[in-house]
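S.K.: File start_37.txt follows (compact mmCIF, C-alpha atoms):
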```txt
# COMPACT_ATOMS: atom_id res chain seq x y z
CA MET A 1 0.00 0.00 0.00
CA SER A 2 1.43 3.37 -1.03
CA LEU A 3 1.59 6.19 1.46
CA VAL A 4 0.86 9.77 0.47
CA VAL A 5 2.47 12.28 2.81
CA PRO A 6 0.94 15.76 2.63
CA VAL A 7 3.06 18.86 3.14
CA VAL A 8 1.72 21.11 5.89
CA LEU A 9 2.76 24.75 6.15
CA TRP A 10 2.28 26.89 9.25
CA ALA A 11 2.41 30.68 9.34
CA THR A 12 4.31 30.25 12.61
CA PRO A 13 5.88 27.04 13.95
CA PRO A 14 3.47 25.02 16.10
CA THR A 15 4.00 25.15 19.82
CA HIS A 16 4.72 21.88 21.57
CA ALA A 17 4.29 22.25 25.32
CA ILE A 18 4.98 18.65 26.39
CA THR A 19 2.37 16.93 28.57
CA ALA A 20 3.26 13.24 28.08
CA VAL A 21 6.29 11.14 27.08
CA ALA A 22 6.85 7.54 25.93
CA CYS A 23 9.82 5.63 24.53
CA SER A 24 9.92 2.73 22.09
CA PRO A 25 11.13 -0.65 23.43
CA ASP A 26 14.36 -0.43 21.40
CA GLY A 27 15.06 3.07 22.68
CA ASN A 28 15.40 4.53 19.17
CA THR A 29 12.21 6.59 19.18
CA LEU A 30 10.95 9.08 21.75
CA VAL A 31 7.33 10.20 21.52
CA THR A 32 5.95 13.36 23.12
CA GLY A 33 2.40 14.62 23.44
CA SER A 34 1.55 18.28 23.72
CA LYS A 35 -0.96 20.60 25.32
CA SER A 36 -2.32 21.46 21.87
CA GLY A 37 -3.05 17.80 20.96
CA GLN A 38 -0.07 17.08 18.72
CA VAL A 39 2.07 13.95 18.97
CA CYS A 40 5.72 14.26 17.92
CA PHE A 41 8.09 11.40 17.05
CA TRP A 42 11.78 11.99 17.75
CA GLY A 43 14.67 9.88 16.52
CA VAL A 44 17.23 9.11 19.25
CA GLN A 45 20.70 9.16 17.76
CA SER A 46 24.10 8.45 19.29
CA ASN A 47 26.61 11.24 19.36
CA GLN A 48 29.69 10.07 17.44
CA LYS A 49 31.98 12.44 19.35
CA GLU A 50 30.59 11.65 22.80
CA GLU A 51 29.48 8.02 23.13
CA ASP A 52 27.56 8.57 26.36
CA THR A 53 25.30 11.29 24.94
CA ARG A 54 22.27 11.15 22.66
CA THR A 55 20.66 13.70 20.37
CA LEU A 56 17.01 14.05 19.41
CA GLN A 57 15.95 14.59 15.80
CA PRO A 58 12.27 15.45 15.14
CA ARG A 59 10.83 13.07 12.51
CA ILE A 60 7.03 13.22 12.54
CA ILE A 61 4.36 15.45 14.01
CA THR A 62 0.73 14.32 14.00
CA THR A 63 -2.54 16.19 14.43
CA GLY A 64 -6.03 14.91 15.13
CA GLN A 65 -6.74 15.22 18.82
CA ASP A 66 -8.34 18.43 19.99
CA GLY A 67 -7.32 18.63 23.65
CA PRO A 68 -4.13 18.07 25.60
CA ILE A 69 -2.48 14.65 25.33
CA THR A 70 -2.73 13.24 28.85
CA ALA A 71 -0.92 9.91 28.39
CA LEU A 72 1.23 7.99 25.89
CA ASP A 73 2.46 4.42 25.68
CA ILE A 74 3.61 1.77 23.21
CA CYS A 75 1.29 -1.14 22.40
CA VAL A 76 0.59 -3.70 19.67
CA TYR A 77 -2.26 -3.24 17.20
CA GLU A 78 -2.90 -5.96 14.59
CA GLY A 79 0.64 -7.23 14.98
CA THR A 80 2.20 -3.79 14.53
CA GLU A 81 3.91 -1.71 17.19
CA ALA A 82 1.92 1.45 17.68
CA VAL A 83 1.92 4.62 19.74
CA LEU A 84 -1.17 4.95 21.88
CA SER A 85 -2.19 8.53 22.64
CA VAL A 86 -5.01 9.44 25.02
CA GLY A 87 -6.47 12.93 25.12
CA TYR A 88 -8.26 14.98 27.74
CA ASP A 89 -11.14 15.16 25.23
CA ARG A 90 -11.67 11.38 25.87
CA SER A 91 -10.17 10.45 22.50
CA LEU A 92 -7.91 7.47 21.80
CA PHE A 93 -5.61 7.33 18.77
CA LEU A 94 -3.20 4.65 17.58
CA TRP A 95 -0.27 5.74 15.40
CA ASN A 96 2.13 3.50 13.49
CA LEU A 97 5.43 3.67 15.37
CA THR A 98 7.47 3.59 12.15
CA ASP A 99 5.78 6.10 9.84
CA GLY A 100 3.25 7.91 12.04
CA ARG A 101 0.13 6.79 10.13
CA CYS A 102 -3.10 6.91 12.10
CA LEU A 103 -4.17 3.28 12.43
CA VAL A 104 -7.40 3.84 14.31
CA SER A 105 -9.14 6.57 16.29
CA ALA A 106 -12.06 6.64 18.67
CA ARG A 107 -13.95 9.40 20.46
CA ASP A 108 -15.74 9.41 23.82
CA VAL A 109 -14.08 6.14 24.85
CA THR A 110 -14.41 6.77 28.59
CA THR A 111 -17.04 8.44 30.75
CA GLY A 112 -14.60 11.08 31.98
CA PRO A 113 -11.26 12.63 30.98
CA PRO A 114 -8.58 9.89 31.16
CA THR A 115 -5.28 10.96 32.68
CA VAL A 116 -3.82 7.57 33.67
CA LEU A 117 -2.82 4.87 31.18
CA ASN A 118 -1.40 1.39 31.73
CA VAL A 119 -0.74 -1.27 29.09
CA LEU A 120 -1.35 -4.83 30.28
CA ALA A 121 1.03 -7.69 29.52
CA LYS A 122 1.06 -8.77 25.86
CA ARG A 123 -0.04 -5.19 25.07
CA ARG A 124 -3.50 -6.16 23.79
CA HIS A 125 -5.51 -4.51 26.55
CA ILE A 126 -5.02 -1.17 28.25
CA ILE A 127 -6.34 0.38 31.44
CA LEU A 128 -7.69 3.93 31.44
CA ALA A 129 -8.69 6.03 34.43
CA GLY A 130 -8.56 9.63 35.51
CA GLU A 131 -10.97 12.37 36.46
CA TYR A 132 -13.82 9.96 37.11
CA TRP A 133 -14.37 7.09 39.55
CA ASP A 134 -14.30 4.02 37.28
CA ILE A 135 -11.37 2.10 35.81
CA ASP A 136 -11.86 1.00 32.19
CA VAL A 137 -10.20 -2.03 30.61
CA VAL A 138 -10.08 -1.36 26.86
CA ASP A 139 -9.75 -4.07 24.19
CA LEU A 140 -7.41 -2.63 21.56
CA ALA A 141 -8.63 -5.02 18.85
CA GLN A 142 -12.11 -3.48 19.02
CA VAL A 143 -11.07 -0.14 20.54
CA LYS A 144 -13.84 -0.21 23.11
CA VAL A 145 -14.26 -0.79 26.82
CA ALA A 146 -14.32 -4.53 27.61
CA CYS A 147 -15.18 -4.04 31.27
CA SER A 148 -15.13 -1.41 34.02
CA LEU A 149 -13.92 -1.74 37.58
CA HIS A 150 -16.03 0.08 40.16
CA GLY A 151 -15.33 0.91 43.77
CA HIS A 152 -13.28 4.10 44.00
CA THR A 153 -15.08 7.16 45.33
CA ASN A 154 -12.71 9.74 43.92
CA TRP A 155 -10.55 10.41 40.87
CA VAL A 156 -7.93 7.74 40.07
CA VAL A 157 -4.41 9.20 39.97
CA GLY A 158 -2.28 6.08 39.52
CA ILE A 159 -2.46 2.56 38.09
CA VAL A 160 0.16 -0.18 37.83
CA SER A 161 -0.18 -3.81 36.75
CA TRP A 162 1.84 -7.02 36.75
CA GLU A 163 1.42 -10.77 36.29
CA GLU A 164 1.68 -13.40 39.00
CA VAL A 165 1.18 -17.16 39.34
CA VAL A 166 -2.14 -18.15 40.93
CA GLU A 167 -2.55 -21.29 43.02
CA PRO A 168 -2.75 -24.25 40.59
CA ARG A 169 -6.19 -25.66 39.93
CA GLU A 170 -6.40 -29.34 39.00
CA GLY A 171 -2.71 -29.38 38.19
CA GLU A 172 -2.86 -26.32 35.88
CA THR A 173 -0.92 -23.18 36.66
CA THR A 174 -2.81 -19.95 36.02
CA ILE A 175 -1.18 -16.63 35.25
CA ALA A 176 -3.32 -13.77 36.52
CA LYS A 177 -3.04 -10.05 36.02
CA VAL A 178 -2.98 -7.89 39.11
CA ILE A 179 -3.98 -4.23 39.02
CA LEU A 180 -3.17 -1.75 41.77
CA SER A 181 -5.04 1.55 41.63
CA LEU A 182 -4.76 4.70 43.74
CA SER A 183 -7.41 7.39 44.09
CA LEU A 184 -7.20 11.02 45.16
CA ASP A 185 -8.63 10.27 48.62
CA GLY A 186 -5.68 7.99 49.43
CA THR A 187 -7.36 4.62 48.79
CA LEU A 188 -5.41 1.73 47.24
CA ARG A 189 -7.41 -1.04 45.61
CA GLN A 190 -5.86 -4.30 44.41
CA TRP A 191 -7.71 -6.11 41.63
CA HIS A 192 -7.25 -9.69 40.44
CA LEU A 193 -8.00 -9.80 36.71
CA GLN A 194 -8.18 -13.34 35.28
CA SER A 195 -9.44 -12.28 31.84
CA SER A 196 -10.56 -9.11 30.09
CA THR A 197 -14.00 -9.39 31.67
CA GLU A 198 -13.47 -11.33 34.94
CA PHE A 199 -12.09 -9.55 37.97
CA ALA A 200 -12.29 -9.44 41.75
CA VAL A 201 -11.13 -7.06 44.47
CA LEU A 202 -8.37 -8.59 46.60
CA ASN A 203 -7.54 -5.78 49.00
CA VAL A 204 -8.64 -2.25 49.86
CA ILE A 205 -6.17 -0.11 51.82
CA ASN A 206 -6.54 3.49 52.95
CA ILE A 207 -3.05 4.95 53.31
CA GLY A 208 -4.43 7.81 55.40
CA LEU A 209 -2.78 10.54 53.32
CA PRO A 210 -5.01 12.61 51.00
CA HIS A 211 -4.09 14.04 47.61
CA PRO A 212 -1.50 11.52 46.34
CA ARG A 213 -0.15 12.29 42.87
CA ALA A 214 1.38 9.09 41.43
CA LEU A 215 1.93 5.38 41.98
CA ALA A 216 4.76 3.00 41.07
CA VAL A 217 5.90 -0.52 41.99
CA HIS A 218 9.24 -2.32 41.85
CA ARG A 219 9.47 -4.37 38.63
CA SER A 220 10.98 -7.44 40.30
CA HIS A 221 9.16 -7.09 43.62
CA PRO A 222 5.65 -5.68 43.03
CA GLN A 223 4.94 -5.78 46.77
CA VAL A 224 7.28 -2.76 47.08
CA THR A 225 5.07 0.22 46.31
CA LEU A 226 5.96 3.90 45.92
CA VAL A 227 3.28 6.55 46.45
CA VAL A 228 4.19 10.11 45.46
CA MET A 229 2.43 12.77 47.51
CA GLN A 230 1.64 16.34 46.59
```
Using C-alpha cells, write down the structure from this file.
M.R.:
Amino acid sequence: MSLVVPVVLWATPPTHAITAVACSPDGNTLVTGSKSGQVCFWGVQSNQKEEDTRTLQPRIITTGQDGPITALDICVYEGTEAVLSVGYDRSLFLWNLTDGRCLVSARDVTTGPPTVLNVLAKRRHIILAGEYWDIDVVDLAQVKVACSLHGHTNWVVGIVSWEEVVEPREGETTIAKVILSLSLDGTLRQWHLQSSTEFAVLNVINIGLPHPRALAVHRSHPQVTLVVMQ
C-alpha cells in the first residue's frame, strides 16, 4: 500500500508544550504529546563524538486530537507496534510507530477525561482512568471498553499492573493479572483480573494521606510500592 504524505505549512511554527512522554522498546524513538493535541516522534541518535550522549531529531508530528495529550504508551495493534495517545477530550488514537500513520481513532471512549494509562502484559488490553471514579479495561482489537472496575469514590491518579502465578487448579498453573489503583482520597485497591472481563477485588487499603499524585511498583518485587504525595 502506497503512502501519500501531505506537506503542511504553518504561518508560525506550532507550539509543543509537552504533557506526556513515551519511549519505544528499542530506545530509538521518543514520543511526546503536547498541550495542543499534537504527537511528535523523535529519533534518538548516538553522538559520534561523545558516546555517552544522545541527540534528538524530530521526525514526525501528528494532528487529530483536539485537547491536551494526557498519556502515551507503546502497544501492539494488529501485529504492529503502535503509539497509543489518550487525550483529555476522551479520544484514543493509535499511530504507526514507524511512519506515524493513524491506524485507528475513537472518540468518547471513557465516561470522563482519562489521565492515567497502563498497558497490560502482551499489550492487547489497556487500562484507562482519571478524572472519574471508574477504571476502564479497553480491548485494543475493538477499541472499546471490555469491562469497568467500580469501587473508587474519587478520581484515580495512579495505576500499575503485573502478572503473577495463581494457586494451581487441578494441576494447571494460572497466570493472573494484578492491578493496583490509587485514588485522590488515598485509597489503594488491588484487583485480580483473570481475563478481560473477569475480575475481583483482593484488597482495599486506605493509606491515610489525602491528595497523592502518582503510583509506582518495583518491577521485580511488586509488593514494594511507591506513592508520590503532593
S.K.: Suppose you want the space between atom CA of A:Gly43 and atom CA of A:Ile69; what is it in Å?
M.R.: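 Interatomic distance here is 19.9 Å.
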S.K.: Quick one: of A:Leu103, A:Val204, A:Val143, A:Ala214, who's nearest to A:Thr115, counting all atoms listed in the file?
M.R.: A:Ala214
S.K.: Rounded to one decimal in Å, what is the spacing between atom CA of A:Thr15 and atom CA of A:Lys35?
M.R.: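 Separating atom CA of A:Thr15 from atom CA of A:Lys35 is a distance of 8.7 Å.
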S.K.: Can you work out the spacing between atom CA of A:Leu128 and atom CA of A:Leu180 in Å, to one decimal?
M.R.: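 According to the coordinates, atom CA of A:Leu128 and atom CA of A:Leu180 are separated by 12.6 Å.
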S.K.: Identify, on the basis of only C-alpha atoms, every residue whose closest approach to A:Thr98 does not exceed 10 Å; exclude the query and any residue fewer than 4 positions from it along the same chain; express the result as a list in words.
M.R.: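 Those residues are Thr29, Phe41, Ile60, Thr80, Glu81, Ala82 and Val83 of chain A.
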S.K.: Per residue of stretch 20-79 of chain A within 10 Å of stretch 85-88 of chain A, record the nearest atom pair and its distance in Å to one decimal, counting only C-alpha atoms, with rows in chain order and ascending residue number, as a tab-separated table.
M.R.:
```
residue	atom	partner	partner_atom	distance
A:Ala20	CA	A:Ser85	CA	9.0
A:Val21	CA	A:Ser85	CA	9.9
A:Ala22	CA	A:Ser85	CA	9.7
A:Val31	CA	A:Ser85	CA	9.7
A:Thr32	CA	A:Ser85	CA	9.5
A:Gly33	CA	A:Ser85	CA	7.7
A:Ser34	CA	A:Gly87	CA	9.7
A:Lys35	CA	A:Gly87	CA	9.4
A:Gly37	CA	A:Gly87	CA	7.3
A:Gln38	CA	A:Ser85	CA	9.6
A:Val39	CA	A:Ser85	CA	7.8
A:Gln65	CA	A:Gly87	CA	6.7
A:Asp66	CA	A:Gly87	CA	7.8
A:Gly67	CA	A:Tyr88	CA	5.6
A:Pro68	CA	A:Tyr88	CA	5.6
A:Ile69	CA	A:Gly87	CA	4.4
A:Thr70	CA	A:Gly87	CA	5.3
A:Ala71	CA	A:Val86	CA	5.3
A:Leu72	CA	A:Ser85	CA	4.7
A:Asp73	CA	A:Ser85	CA	6.9
A:Ile74	CA	A:Ser85	CA	8.9
```
S.K.: Per residue of stretch 26-121 of chain A within 8 Å of stretch 157-166 of chain A, note the shortest atom pair and the distance in Å to one decimal, counting all atoms listed in the file, and order the rows by chain and increasing residue number, as a Markdown table.
M.R.:
```
| residue | atom | partner | partner_atom | distance |
| --- | --- | --- | --- | --- |
| A:Thr115 | CA | A:Val157 | CA | 7.5 |
| A:Val116 | CA | A:Gly158 | CA | 6.2 |
| A:Leu117 | CA | A:Ile159 | CA | 7.3 |
| A:Asn118 | CA | A:Val160 | CA | 6.5 |
| A:Leu120 | CA | A:Ser161 | CA | 6.7 |
| A:Ala121 | CA | A:Trp162 | CA | 7.3 |
```
S.K.: Between A:Ile61, A:Cys75, A:Ala17, A:Leu188, which has the minimum distance to A:Arg101 (counting only C-alpha atoms)?
M.R.: A:Ile61
S.K.: With all atoms listed in the file as the atoms that count, which of A:Gly27, A:Gly186, A:Pro113, A:Gly100 lies nearest to A:Pro212?
M.R.: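 Checking each of A:Gly27, A:Gly186, A:Pro113, A:Gly100 against A:Pro212, counting all atoms listed in the file, the winner is A:Gly186.
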S.K.: Which residue gives the smallest distance to A:Leu184 among A:Ala141, A:Cys40, A:Leu30, A:Ala129, with all atoms listed in the file counted?
M.R.: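 Answer, going by the shortest atom-to-atom distance: A:Ala129.
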